[in-house]
file target.txt (compact mmCIF, C-alpha atoms)
# COMPACT_ATOMS: atom_id res chain seq x y z
CA MET T 194 7.04 22.70 -18.27
CA SER T 195 10.27 20.84 -17.77
CA LYS T 196 13.07 21.44 -20.25
CA THR T 197 13.88 17.72 -20.00
CA GLN T 198 13.29 15.99 -23.32
CA THR T 199 10.24 13.73 -23.31
CA VAL T 200 9.44 10.78 -25.53
CA GLU T 201 6.25 9.02 -26.54
CA VAL T 202 5.76 5.47 -25.29
CA GLY T 203 5.65 4.09 -28.83
CA ALA T 204 9.05 5.63 -29.60
CA LEU T 205 10.86 3.53 -26.98
CA SER T 206 12.85 0.53 -28.16
CA LYS T 207 12.29 -2.89 -26.57
CA ARG T 208 15.53 -2.51 -24.64
CA GLU T 209 14.53 0.94 -23.32
CA THR T 210 11.11 -0.41 -22.35
CA TYR T 211 12.61 -3.35 -20.43
CA ILE T 212 15.13 -1.10 -18.68
CA SER T 213 12.32 1.26 -17.68
CA ILE T 214 10.20 -1.61 -16.36
CA ALA T 215 13.19 -2.92 -14.37
CA ILE T 216 13.82 0.50 -12.76
CA ILE T 217 10.15 0.98 -11.90
CA GLY T 218 10.17 -2.58 -10.51
CA GLY T 219 12.96 -1.56 -8.15
CA LEU T 220 10.84 1.37 -7.01
CA PHE T 221 7.90 -0.91 -6.27
CA PHE T 222 10.19 -3.11 -4.16
CA ILE T 223 11.15 -0.05 -2.12
CA PHE T 224 7.50 1.03 -1.81
CA GLY T 225 6.66 -2.39 -0.40
CA PHE T 226 9.53 -2.49 2.07
CA VAL T 227 8.76 0.94 3.51
CA SER T 228 4.96 0.53 3.50
CA TRP T 229 4.47 -2.97 4.89
CA VAL T 230 6.86 -2.56 7.81
CA ASN T 231 3.83 -0.78 9.34
CA ALA T 232 2.36 -4.25 10.01
CA ILE T 233 4.89 -4.71 12.80
CA LEU T 234 5.18 -1.03 13.79
CA ILE T 235 1.52 -1.07 14.90
CA PRO T 236 1.88 -3.72 17.66
CA TYR T 237 5.42 -2.49 18.41
CA PHE T 238 4.32 1.10 19.12
CA LYS T 239 1.22 -0.20 20.92
CA ILE T 240 3.53 -1.80 23.48
CA ALA T 241 6.37 0.74 23.52
CA CYS T 242 4.12 3.83 23.70
CA GLU T 243 1.33 2.16 25.76
CA LEU T 244 -1.55 2.62 23.30
CA ASN T 245 -5.00 1.13 22.75
CA ASN T 246 -6.06 -0.42 19.41
CA PHE T 247 -7.49 2.84 18.05
CA GLN T 248 -4.36 4.82 18.92
CA SER T 249 -2.03 2.18 17.48
CA TYR T 250 -3.76 2.35 14.09
CA LEU T 251 -2.79 6.02 13.90
CA VAL T 252 0.42 4.53 12.42
CA ALA T 253 -1.52 3.66 9.27
CA PHE T 254 -3.51 6.92 9.44
CA ALA T 255 -0.45 9.20 9.65
CA PHE T 256 1.33 7.26 6.91
CA TYR T 257 -1.48 7.11 4.37
CA ILE T 258 -3.38 10.36 4.97
CA SER T 259 -0.37 12.07 3.38
CA TYR T 260 -1.42 10.48 0.07
CA PHE T 261 -4.66 12.45 0.24
CA VAL T 262 -2.81 15.68 1.04
CA PHE T 263 0.08 15.41 -1.44
CA SER T 264 -1.15 13.41 -4.45
CA VAL T 265 -2.55 16.32 -6.49
CA PRO T 266 0.41 18.63 -5.66
CA ALA T 267 2.64 15.70 -6.70
CA SER T 268 1.03 15.64 -10.16
CA TYR T 269 1.83 19.34 -10.64
CA LEU T 270 5.38 18.78 -9.36
CA LEU T 271 5.89 15.97 -11.89
CA LYS T 272 4.40 18.09 -14.66
CA SER T 273 6.75 20.94 -13.77
CA VAL T 274 10.07 19.14 -13.25
CA GLY T 275 9.49 15.75 -14.90
CA PHE T 276 9.32 12.20 -13.58
CA LYS T 277 12.96 11.71 -12.53
CA LYS T 278 13.51 14.97 -10.63
CA GLY T 279 10.10 14.54 -9.02
CA MET T 280 10.97 11.02 -7.86
CA MET T 281 14.28 12.28 -6.44
CA VAL T 282 12.33 14.81 -4.35
CA GLY T 283 10.03 12.01 -3.22
CA PHE T 284 12.94 9.89 -2.02
CA TRP T 285 14.46 12.80 -0.12
CA VAL T 286 11.20 13.63 1.65
CA MET T 287 11.00 9.96 2.68
CA ALA T 288 14.57 10.16 3.98
CA LEU T 289 13.64 13.18 6.11
CA GLY T 290 10.76 11.19 7.60
CA ALA T 291 13.10 8.28 8.43
CA PHE T 292 15.53 10.62 10.20
CA VAL T 293 12.65 12.04 12.31
CA PHE T 294 12.47 8.61 13.99
CA VAL T 295 15.76 9.37 15.75
CA PRO T 296 14.56 12.26 17.98
CA ALA T 297 11.18 10.52 18.35
CA ALA T 298 12.89 7.44 19.80
CA MET T 299 15.14 9.50 22.08
CA VAL T 300 12.13 11.03 23.86
CA ARG T 301 9.66 8.12 23.23
CA THR T 302 7.02 10.49 21.86
CA TYR T 303 4.38 8.86 19.68
CA GLU T 304 3.34 12.13 18.00
CA ILE T 305 6.86 12.68 16.63
CA PHE T 306 6.90 9.13 15.26
CA LEU T 307 3.61 9.94 13.51
CA LEU T 308 5.20 13.05 11.96
CA GLY T 309 8.00 10.88 10.60
CA LEU T 310 5.51 8.42 9.16
CA PHE T 311 3.54 11.31 7.61
CA LEU T 312 6.68 12.56 5.84
CA ILE T 313 7.58 9.07 4.60
CA GLY T 314 4.05 8.78 3.22
CA ALA T 315 4.35 12.22 1.57
CA GLY T 316 7.45 11.13 -0.30
CA LEU T 317 5.80 7.90 -1.32
CA ALA T 318 2.81 9.86 -2.64
CA VAL T 319 5.12 11.57 -5.14
CA LEU T 320 6.76 8.28 -6.12
CA GLN T 321 3.46 6.42 -6.48
CA THR T 322 1.94 9.25 -8.55
CA ALA T 323 4.85 8.86 -10.96
CA ALA T 324 5.35 5.10 -10.99
CA ASN T 325 1.78 3.79 -11.32
CA PRO T 326 0.75 5.62 -14.50
CA TYR T 327 4.26 5.04 -15.84
CA ILE T 328 3.96 1.24 -15.64
CA THR T 329 0.32 1.39 -16.84
CA ILE T 330 1.14 3.17 -20.12
CA LEU T 331 4.52 1.47 -20.70
CA GLY T 332 3.06 -1.09 -23.11
CA PRO T 333 -0.31 -2.32 -24.46
CA LYS T 334 -3.26 -1.41 -22.23
CA GLU T 335 -4.65 -4.97 -22.56
CA SER T 336 -1.64 -6.32 -20.63
CA ALA T 337 -1.36 -3.47 -18.11
CA ALA T 338 -2.72 -5.70 -15.33
CA GLN T 339 0.01 -8.21 -16.16
CA ARG T 340 2.74 -5.58 -15.75
CA ILE T 341 1.16 -4.30 -12.56
CA SER T 342 1.08 -7.89 -11.26
CA ILE T 343 4.85 -8.13 -11.79
CA MET T 344 5.23 -4.88 -9.83
CA GLY T 345 2.94 -6.36 -7.17
CA ILE T 346 5.21 -9.38 -6.71
CA LEU T 347 8.16 -7.08 -6.10
CA ASN T 348 6.09 -4.86 -3.78
CA LYS T 349 4.69 -7.69 -1.69
CA GLY T 350 7.94 -9.66 -1.80
CA ALA T 351 9.54 -6.70 -0.06
CA GLY T 352 6.54 -6.63 2.26
CA ILE T 353 7.23 -10.23 3.29
CA LEU T 354 10.84 -9.39 4.10
CA ALA T 355 10.22 -6.06 5.85
CA PRO T 356 8.39 -7.27 9.02
CA LEU T 357 10.75 -10.25 9.37
CA ILE T 358 13.90 -8.13 9.01
CA PHE T 359 12.51 -5.38 11.24
CA ALA T 360 11.50 -7.94 13.90
CA ALA T 361 14.95 -9.55 13.73
CA VAL T 362 16.59 -6.15 14.28
CA ILE T 363 14.41 -4.76 17.08
CA LEU T 364 12.92 -7.78 18.89
CA ARG T 365 14.67 -10.27 21.15
CA VAL T 366 13.63 -13.70 22.38
CA SER T 367 13.43 -12.36 25.96
CA ASP T 368 10.94 -9.62 24.97
CA ASP T 369 7.89 -11.92 25.12
CA GLU T 370 8.49 -12.75 28.78
CA VAL T 371 9.29 -9.15 29.75
CA ILE T 372 6.25 -7.74 27.89
CA SER T 373 3.96 -10.23 29.64
CA GLN T 374 5.26 -8.93 33.00
CA LEU T 375 4.98 -5.19 32.24
CA HIS T 376 1.79 -4.79 34.28
CA LEU T 377 3.66 -6.10 37.36
CA MET T 378 6.57 -3.66 37.07
CA GLY T 379 6.96 -0.39 38.89
CA GLU T 380 6.66 2.80 36.83
CA ILE T 381 10.42 3.52 36.80
CA GLU T 382 11.42 -0.04 35.86
CA LYS T 383 8.77 -0.18 33.13
CA ASN T 384 9.83 3.17 31.62
CA ILE T 385 13.49 2.07 31.52
CA TYR T 386 12.55 -1.05 29.55
CA LEU T 387 10.17 0.78 27.18
CA ASP T 388 12.74 3.52 26.52
CA GLU T 389 15.29 0.86 25.63
CA LEU T 390 12.76 -0.98 23.45
CA VAL T 391 11.76 2.05 21.40
CA ARG T 392 15.34 3.26 20.88
CA ARG T 393 16.09 0.10 18.92
CA VAL T 394 14.59 1.82 15.83
CA ILE T 395 17.31 4.50 15.74
CA VAL T 396 19.97 2.51 13.86
CA PRO T 397 17.68 0.87 11.25
CA TYR T 398 15.89 4.11 10.38
CA THR T 399 19.16 6.03 10.16
CA VAL T 400 20.33 3.43 7.65
CA VAL T 401 17.00 3.63 5.77
CA GLY T 402 17.23 7.44 5.55
CA THR T 403 20.77 7.29 4.18
CA VAL T 404 19.82 4.67 1.58
CA LEU T 405 16.81 6.75 0.46
CA ILE T 406 19.01 9.80 -0.18
CA ALA T 407 21.30 7.65 -2.34
CA LEU T 408 18.33 6.15 -4.22
CA GLY T 409 17.05 9.64 -5.03
CA LEU T 410 20.35 10.45 -6.73
CA LEU T 411 20.40 7.10 -8.55
CA VAL T 412 16.93 7.63 -10.02
CA ARG T 413 17.74 11.22 -10.99
CA PHE T 414 20.73 10.09 -13.08
CA SER T 415 19.27 6.76 -14.25
CA PRO T 416 18.47 6.00 -17.93
CA LEU T 417 14.74 6.13 -17.13
CA PRO T 418 13.16 8.19 -19.98
CA GLU T 419 10.68 11.01 -19.50
CA ILE T 420 7.34 9.78 -20.88
CA ASP T 421 5.08 12.23 -22.74
CA THR T 422 1.59 11.85 -21.25
CA GLU T 423 0.28 15.16 -22.58
CA LYS T 424 -0.14 14.13 -26.22
CA GLU T 425 -3.47 12.51 -27.12
CA SER T 426 -4.30 10.22 -30.01
CA GLU T 427 -6.97 11.47 -32.40
CA GLU T 428 -9.39 8.83 -31.10
CA VAL T 429 -8.89 9.85 -27.46
CA ALA T 430 -9.08 13.57 -28.34
CA GLN T 431 -12.45 13.04 -30.06
CA ALA T 432 -13.80 10.97 -27.17
CA ASN T 433 -12.73 13.67 -24.71
CA ALA T 434 -14.14 16.60 -26.72
CA GLY T 435 -16.06 18.82 -24.33
CA LYS T 436 -14.41 17.31 -21.25
CA ALA T 437 -12.58 20.18 -19.64
CA TYR T 438 -12.38 18.89 -16.06
CA ILE T 439 -11.26 15.68 -14.40
CA LEU T 440 -14.74 15.26 -12.88
CA HIS T 441 -16.07 14.68 -16.40
CA PHE T 442 -14.66 11.12 -16.24
CA PRO T 443 -17.04 9.10 -14.02
CA HIS T 444 -15.14 5.84 -14.50
CA LEU T 445 -12.07 7.57 -12.99
CA ILE T 446 -13.93 9.07 -10.01
CA LEU T 447 -15.72 5.79 -9.28
CA GLY T 448 -12.34 4.08 -9.67
CA ALA T 449 -10.80 6.41 -7.07
CA VAL T 450 -13.52 5.37 -4.61
CA ALA T 451 -12.75 1.74 -5.50
CA ILE T 452 -9.04 2.33 -4.81
CA PHE T 453 -9.97 3.96 -1.46
CA LEU T 454 -11.94 0.89 -0.39
CA HIS T 455 -9.56 -1.66 -1.91
CA VAL T 456 -6.42 -0.37 -0.21
CA GLY T 457 -8.35 -0.09 3.05
CA THR T 458 -9.35 -3.76 2.87
CA GLN T 459 -5.79 -4.68 1.93
CA VAL T 460 -4.15 -2.88 4.83
CA ILE T 461 -6.76 -4.21 7.29
CA ALA T 462 -5.95 -7.76 6.18
CA ILE T 463 -2.21 -7.23 6.64
CA ASP T 464 -1.85 -4.71 9.48
CA THR T 465 -4.51 -6.17 11.82
CA ILE T 466 -3.60 -9.84 11.55
CA MET T 467 -0.77 -9.69 14.11
CA SER T 468 -3.04 -8.16 16.73
CA TYR T 469 -5.73 -10.71 15.86
CA ALA T 470 -3.19 -13.53 16.30
CA ILE T 471 -1.96 -12.10 19.63
CA SER T 472 -5.59 -12.05 20.84
CA MET T 473 -5.53 -15.86 20.37
CA ASP T 474 -2.64 -16.10 22.88
CA ILE T 475 -0.02 -16.41 20.14
CA SER T 476 3.25 -14.70 21.14
CA ILE T 477 4.36 -11.58 19.26
CA LEU T 478 7.44 -13.45 17.95
CA ASP T 479 5.20 -16.19 16.48
CA ALA T 480 2.53 -13.73 15.32
CA LYS T 481 5.05 -11.79 13.21
CA VAL T 482 4.81 -14.43 10.44
CA PHE T 483 1.11 -13.82 9.71
CA PRO T 484 1.58 -10.61 7.65
CA SER T 485 4.09 -12.58 5.57
CA TYR T 486 1.53 -15.35 5.01
CA THR T 487 -1.03 -12.80 3.81
CA LEU T 488 1.51 -11.19 1.49
CA SER T 489 2.54 -14.63 0.20
CA ALA T 490 -1.09 -15.29 -0.71
CA MET T 491 -1.06 -12.00 -2.63
CA ILE T 492 2.04 -13.07 -4.54
CA CYS T 493 0.28 -16.31 -5.54
CA GLY T 494 -2.50 -14.15 -6.99
CA TYR T 495 0.00 -11.98 -8.88
CA ILE T 496 1.64 -15.05 -10.42
CA PHE T 497 -1.81 -16.28 -11.51
CA GLY T 498 -2.43 -12.86 -13.12
CA ILE T 499 0.89 -12.86 -14.97
CA ILE T 500 0.15 -16.31 -16.42
CA THR T 501 -3.51 -15.75 -17.36
CA ILE T 502 -3.91 -12.03 -18.27
CA PRO T 503 -4.80 -11.37 -21.06
CA LYS T 504 -4.21 -14.80 -22.67
CA ILE T 505 -6.95 -16.65 -20.76
CA PHE T 506 -8.88 -14.06 -18.73
CA SER T 507 -9.53 -10.38 -19.36
CA GLN T 508 -8.69 -7.71 -16.79
CA VAL T 509 -12.40 -7.14 -16.20
CA SER T 510 -13.28 -10.81 -15.56
CA ILE T 511 -10.35 -11.16 -13.15
CA LEU T 512 -11.49 -8.07 -11.26
CA GLN T 513 -15.03 -9.46 -11.03
CA ALA T 514 -13.83 -12.85 -9.76
CA PHE T 515 -11.39 -11.53 -7.14
CA THR T 516 -13.72 -8.90 -5.65
CA THR T 517 -16.38 -11.61 -5.25
CA MET T 518 -13.75 -13.83 -3.62
CA GLY T 519 -13.03 -11.06 -1.10
CA LEU T 520 -16.64 -10.98 0.03
CA LEU T 521 -16.71 -14.78 0.43
CA PHE T 522 -13.50 -14.87 2.50
CA THR T 523 -14.83 -12.06 4.73
CA ALA T 524 -17.89 -14.23 5.39
CA GLY T 525 -15.46 -17.01 6.38
CA ILE T 526 -13.78 -14.73 8.96
CA LEU T 527 -17.11 -13.80 10.50
CA TRP T 528 -18.90 -17.16 10.46
CA PHE T 529 -16.28 -19.92 10.74
CA GLN T 530 -14.64 -20.67 14.08
CA GLY T 531 -12.80 -23.45 15.85
CA GLU T 532 -9.13 -24.01 16.69
CA VAL T 533 -6.96 -25.71 14.06
CA ARG T 534 -3.26 -26.50 13.93
CA PHE T 535 -1.62 -25.39 10.70
CA LEU T 536 2.00 -24.54 9.86
CA GLY T 537 2.95 -25.35 13.46
CA LEU T 538 0.53 -22.81 14.96
CA ASP T 539 -2.67 -23.37 16.96
CA ALA T 540 -5.14 -20.64 15.98
CA ASP T 541 -8.81 -20.08 15.24
CA ILE T 542 -9.63 -21.05 11.66
CA SER T 543 -10.92 -17.52 10.98
CA ILE T 544 -7.37 -16.13 10.92
CA TRP T 545 -6.61 -18.24 7.84
CA PHE T 546 -9.48 -16.53 6.02
CA VAL T 547 -7.74 -13.22 6.85
CA VAL T 548 -4.63 -14.71 5.22
CA LEU T 549 -6.71 -15.68 2.17
CA LEU T 550 -7.85 -12.07 1.81
CA GLY T 551 -4.32 -11.54 0.49
CA LEU T 552 -5.22 -13.74 -2.49
CA ALA T 553 -8.55 -11.96 -3.03
CA ASN T 554 -6.93 -8.51 -2.86
CA SER T 555 -4.00 -9.37 -5.13
CA LEU T 556 -5.41 -8.50 -8.57
CA VAL T 557 -7.92 -5.83 -7.57
CA TRP T 558 -5.41 -2.94 -7.80
CA ALA T 559 -4.11 -4.31 -11.11
CA GLY T 560 -7.68 -4.45 -12.42
CA ILE T 561 -8.80 -1.00 -11.30
CA TRP T 562 -5.83 1.08 -12.53
CA PRO T 563 -5.98 0.42 -16.29
CA LEU T 564 -9.79 0.59 -16.30
CA ALA T 565 -9.85 3.91 -14.40
CA LEU T 566 -7.08 5.54 -16.51
CA ASP T 567 -8.48 4.29 -19.82
CA GLY T 568 -9.00 7.13 -22.31
CA LEU T 569 -7.86 10.01 -20.06
CA GLY T 570 -5.28 11.30 -22.56
CA LYS T 571 -3.79 14.59 -21.35
CA PHE T 572 -5.60 14.11 -18.02
CA THR T 573 -3.52 10.99 -17.24
CA LYS T 574 -1.16 12.55 -14.67
CA LEU T 575 -3.96 14.33 -12.84
CA GLY T 576 -6.13 11.22 -13.06
CA ALA T 577 -3.33 9.15 -11.56
CA SER T 578 -3.00 11.64 -8.69
CA ILE T 579 -6.76 11.33 -8.04
CA LEU T 580 -6.36 7.55 -7.83
CA ILE T 581 -3.36 7.93 -5.51
CA MET T 582 -5.52 10.15 -3.28
CA GLY T 583 -7.66 7.06 -2.83
CA LEU T 584 -4.76 5.53 -0.91
CA CYS T 585 -5.96 7.52 2.10
CA GLY T 586 -8.33 4.57 2.51
CA ASN T 587 -5.29 2.96 4.14
CA ALA T 588 -5.47 5.75 6.72
CA ILE T 589 -9.17 5.80 7.43
CA LEU T 590 -10.47 2.23 7.23
CA PRO T 591 -7.94 0.76 9.72
CA MET T 592 -9.06 3.48 12.16
CA VAL T 593 -12.67 2.40 11.64
CA TYR T 594 -11.59 -1.19 12.23
CA GLY T 595 -9.63 -0.13 15.35
CA TYR T 596 -12.67 1.66 16.78
CA PHE T 597 -14.88 -1.39 16.36
CA ALA T 598 -12.09 -3.69 17.60
CA ASP T 599 -12.11 -1.75 20.88
CA THR T 600 -15.92 -1.65 21.14
CA ILE T 601 -17.27 -4.93 19.74
CA GLY T 602 -14.23 -7.20 19.33
CA LEU T 603 -11.39 -7.94 16.91
CA ARG T 604 -13.28 -10.59 14.91
CA GLU T 605 -16.57 -8.67 14.73
CA ALA T 606 -14.71 -5.55 13.52
CA TYR T 607 -14.06 -7.35 10.21
CA TRP T 608 -17.70 -6.53 9.32
CA VAL T 609 -16.31 -3.23 7.99
CA LEU T 610 -15.00 -5.20 4.99
CA VAL T 611 -18.46 -6.25 3.79
CA PRO T 612 -19.64 -2.90 2.29
CA CYS T 613 -16.13 -2.39 0.85
CA TYR T 614 -16.25 -5.60 -1.18
CA LEU T 615 -19.83 -4.95 -2.26
CA TYR T 616 -18.79 -1.62 -3.80
CA LEU T 617 -15.71 -3.19 -5.41
CA MET T 618 -18.00 -5.76 -7.02
CA PHE T 619 -20.18 -2.90 -8.32
CA TYR T 620 -17.17 -1.24 -9.94
CA ALA T 621 -15.97 -4.53 -11.41
CA PHE T 622 -19.33 -5.43 -12.94
CA LYS T 623 -20.68 -1.99 -13.90
CA GLY T 624 -18.92 1.12 -12.58
CA HIS T 625 -15.80 0.91 -14.77
CA ALA T 626 -17.94 1.09 -17.93
CA ILE T 627 -19.76 4.33 -16.99
CA ARG T 628 -18.49 7.12 -19.26
CA LYS T 629 -21.13 9.77 -18.63
CA TRP T 630 -22.88 10.89 -15.48
CA ALA T 631 -26.62 10.30 -15.55
CA PRO T 632 -28.73 13.52 -15.81
call {"tool": "encode", "arguments": {"input": "target.txt", "output": "structure tokens"}}
result
Amino acid sequence: MSKTQTVEVGALSKRETYISIAIIGGLFFIFGFVSWVNAILIPYFKIACELNNFQSYLVAFAFYISYFVFSVPASYLLKSVGFKKGMMVGFWVMALGAFVFVPAAMVRTYEIFLLGLFLIGAGLAVLQTAANPYITILGPKESAAQRISIMGILNKGAGILAPLIFAAVILRVSDDEVISQLHLMGEIEKNIYLDELVRRVIVPYTVVGTVLIALGLLVRFSPLPEIDTEKESEEVAQANAGKAYILHFPHLILGAVAIFLHVGTQVIAIDTIMSYAISMDISILDAKVFPSYTLSAMICGYIFGIITIPKIFSQVSILQAFTTMGLLFTAGILWFQGEVRFLGLDADISIWFVVLLGLANSLVWAGIWPLALDGLGKFTKLGASILIMGLCGNAILPMVYGYFADTIGLREAYWVLVPCYLYLMFYAFKGHAIRKWAP
């Protein structure tokens, strides 16, 4: 165990609680900036490294599969050294991943880029394993979804900025015309342009790596307290009597599956929308705004959650409503078609239902986390790591989408969302209340 002094949540003053929430909010902003830049990296690497749809979605796979690999080790790291030292390690691993982009760009090798993304994801796995249970228990459990919604606004706000800033740094107005003529170029001329295009990531990722090292030191020496998650109340201890293993909590395990499917639907809605827009003959410079529209819809949902939870609606009823909404919007993608002009863009109406998935997805994470962690007591850190493992859904489901996009079409591939939302509805209406496995 760490020699760092820990405190119980109830022992924190209001000021200490607010400071802690503010620091964790800053972390969620960073998570969002680093994570959602993938929305533009996918089409960017597809062009620069000459990939098909399936190969391009290896960006999401490499980034998020690290959550599956490192989440449980992250829980033991946090238990051993404490939250703050563990988060510092997480930031430094992310920095290493950012620096790997430099040699990858110099030789334009996609596999090295994927290694860098894997390392960035590994560092984020540590940070997410610490931050999510932290914000969940830092106050009354009835308002946990409200606090998570505030974190979501910061996360997705950064996600709106990330693709726009990244595009501004690496893309030029002339790129659209040059990219459209790539198939007419000779091999030497094309390679010169693609080498120059991919090397534009060197400066921004060097800056990102340096900033991440500094952030690790800032968190390590910040006033963020070490929270004691090992001590159980008498009520929780009695409820957990005879439960010696994490698998004895069905609502947690079912919740991890729900997280797997939810994050997969979320990343499909955000990371595929640029490619879907480009398939409608929208230029890459115009298409770059669509991930921001989807994230803006998510922020609208978060604001709704902050205002209404738990004063008007319970966490459970919100989860039920928004998972049902996701299924309805998916039906809109698949069954509605026809060109419309909206926000200055001519596009098939179905793409706006992809944007609306941002609204449907917004409060699902906030609903699942407090329900899945409810009553875990001393198993909270390990339970949180199990939920973070579910983030590998971000790795796997976009690959499934990419496979079907190549074989049956970009629009038809959205059928993969249907079983996901059906399961999420099951968890919202029934699964979260299951406390004992049936014989």
call {"tool": "residues_around", "arguments": {"input": "target.txt", "residues": "segment 510-520 of chain T", "least_positions_apart": "2", "cutoff": "6 Å", "atoms": "only C-alpha atoms", "output": "PyMOL selection string"}}
result
chain T and resi 507-508+522-523+553+557+560+614+618+621
call {"tool": "closest_residue", "arguments": {"input": "target.txt", "among": "T:Leu521, T:Leu320, T:Ile395, T:Ile258", "to": "Met287 of chain T", "atoms": "all atoms listed in the file"}}
result
T:Leu320
call {"tool": "atom_distance", "arguments": {"input": "target.txt", "atom1": "atom CA of Ile477 of chain T", "atom2": "atom CA of Tyr596 of chain T"}}
result
21.7 Å
call {"tool": "axis_aligned_box", "arguments": {"input": "target.txt", "around": "segment 561-576 of chain T", "padding_each_side": "6 Å", "output": "AutoDock Vina command-line options"}}
result
--center_x -5.5 --center_y 6.8 --center_z -16.9 --size_x 20.7 --size_y 27.6 --size_z 23.3
call {"tool": "closest_atom_pairs", "arguments": {"input": "target.txt", "of": "segment 227-309 of chain T", "to": "segment 366-387 of chain T", "cutoff": "9 Å", "atoms": "all atoms listed in the file", "output": "JSON lines"}}
result
{"residue": "T:Ile240", "atom": "CA", "partner": "T:Ile372", "partner_atom": "CA", "distance": 7.9}
{"residue": "T:Ala241", "atom": "CA", "partner": "T:Leu387", "partner_atom": "CA", "distance": 5.3}
{"residue": "T:Cys242", "atom": "CA", "partner": "T:Leu387", "partner_atom": "CA", "distance": 7.6}
{"residue": "T:Arg301", "atom": "CA", "partner": "T:Leu387", "partner_atom": "CA", "distance": 8.4}
call {"tool": "write_last_selection", "arguments": {"input": "target.txt", "atoms": "C-alpha atoms", "output": "mmCIF file, in the frame of the given file"}}
result
data_model
loop_
_atom_site.group_PDB
_atom_site.id
_atom_site.type_symbol
_atom_site.label_atom_id
_atom_site.label_comp_id
_atom_site.auth_asym_id
_atom_site.auth_seq_id
_atom_site.Cartn_x
_atom_site.Cartn_y
_atom_site.Cartn_z
ATOM 1 C CA ILE T 240 3.530 -1.800 23.480
ATOM 2 C CA ALA T 241 6.370 0.740 23.520
ATOM 3 C CA CYS T 242 4.120 3.830 23.700
ATOM 4 C CA ARG T 301 9.660 8.120 23.230
#
call {"tool": "closest_residue", "arguments": {"input": "target.txt", "among": "T:Pro418, T:Lys481, T:Ser468, T:Glu389", "to": "Gly602 of chain T", "atoms": "all atoms listed in the file"}}
result
T:Ser468
call {"tool": "closest_residue", "arguments": {"input": "target.txt", "among": "T:Tyr269, T:Phe221, T:Phe294, T:Tyr620", "to": "Arg340 of chain T", "atoms": "only C-alpha atoms"}}
result
T:Phe221
call {"tool": "atom_distance", "arguments": {"input": "target.txt", "atom1": "atom CA of Leu447 of chain T", "atom2": "atom CA of Leu615 of chain T"}}
result
13.5 Å
call {"tool": "atom_distance", "arguments": {"input": "target.txt", "atom1": "atom CA of Met491 of chain T", "atom2": "atom CA of Phe224 of chain T"}}
result
15.6 Å
call {"tool": "residues_around", "arguments": {"input": "target.txt", "residues": "segment 399-404 of chain T", "least_positions_apart": "6", "cutoff": "12 Å", "atoms": "only C-alpha atoms", "output": "mmCIF file with C-alpha atoms, in the frame of the given file"}}
result
data_model
loop_
_atom_site.group_PDB
_atom_site.id
_atom_site.type_symbol
_atom_site.label_atom_id
_atom_site.label_comp_id
_atom_site.auth_asym_id
_atom_site.auth_seq_id
_atom_site.Cartn_x
_atom_site.Cartn_y
_atom_site.Cartn_z
ATOM 1 C CA ILE T 223 11.150 -0.050 -2.120
ATOM 2 C CA PHE T 226 9.530 -2.490 2.070
ATOM 3 C CA VAL T 227 8.760 0.940 3.510
ATOM 4 C CA PHE T 284 12.940 9.890 -2.020
ATOM 5 C CA TRP T 285 14.460 12.800 -0.120
ATOM 6 C CA VAL T 286 11.200 13.630 1.650
ATOM 7 C CA MET T 287 11.000 9.960 2.680
ATOM 8 C CA ALA T 288 14.570 10.160 3.980
ATOM 9 C CA LEU T 289 13.640 13.180 6.110
ATOM 10 C CA GLY T 290 10.760 11.190 7.600
ATOM 11 C CA ALA T 291 13.100 8.280 8.430
ATOM 12 C CA PHE T 292 15.530 10.620 10.200
ATOM 13 C CA VAL T 293 12.650 12.040 12.310
ATOM 14 C CA PHE T 294 12.470 8.610 13.990
ATOM 15 C CA VAL T 295 15.760 9.370 15.750
ATOM 16 C CA PRO T 296 14.560 12.260 17.980
ATOM 17 C CA ALA T 298 12.890 7.440 19.800
ATOM 18 C CA GLY T 309 8.000 10.880 10.600
ATOM 19 C CA LEU T 312 6.680 12.560 5.840
ATOM 20 C CA ILE T 313 7.580 9.070 4.600
ATOM 21 C CA GLY T 316 7.450 11.130 -0.300
ATOM 22 C CA ALA T 355 10.220 -6.060 5.850
ATOM 23 C CA PHE T 359 12.510 -5.380 11.240
ATOM 24 C CA ARG T 392 15.340 3.260 20.880
ATOM 25 C CA ARG T 393 16.090 0.100 18.920
ATOM 26 C CA LEU T 410 20.350 10.450 -6.730
ATOM 27 C CA LEU T 411 20.400 7.100 -8.550
#
call {"tool": "closest_residue", "arguments": {"input": "target.txt", "among": "T:Ile561, T:Ala267, T:Leu310, T:Ile343", "to": "Ser228 of chain T", "atoms": "all atoms listed in the file"}}
result
T:Leu310
call {"tool": "residues_around", "arguments": {"input": "target.txt", "residues": "Ala577 of chain T", "least_positions_apart": "6", "cutoff": "8 Å", "atoms": "all atoms listed in the file", "output": "PDB file with C-alpha atoms, in the coordinates of the input"}}
result
ATOM      1  CA  SER T 268       1.030  15.640 -10.160  1.00  0.00           C
ATOM      2  CA  THR T 322       1.940   9.250  -8.550  1.00  0.00           C
ATOM      3  CA  ASN T 325       1.780   3.790 -11.320  1.00  0.00           C
ATOM      4  CA  PRO T 326       0.750   5.620 -14.500  1.00  0.00           C
ATOM      5  CA  LEU T 566      -7.080   5.540 -16.510  1.00  0.00           C
TER       6      LEU T 566
END
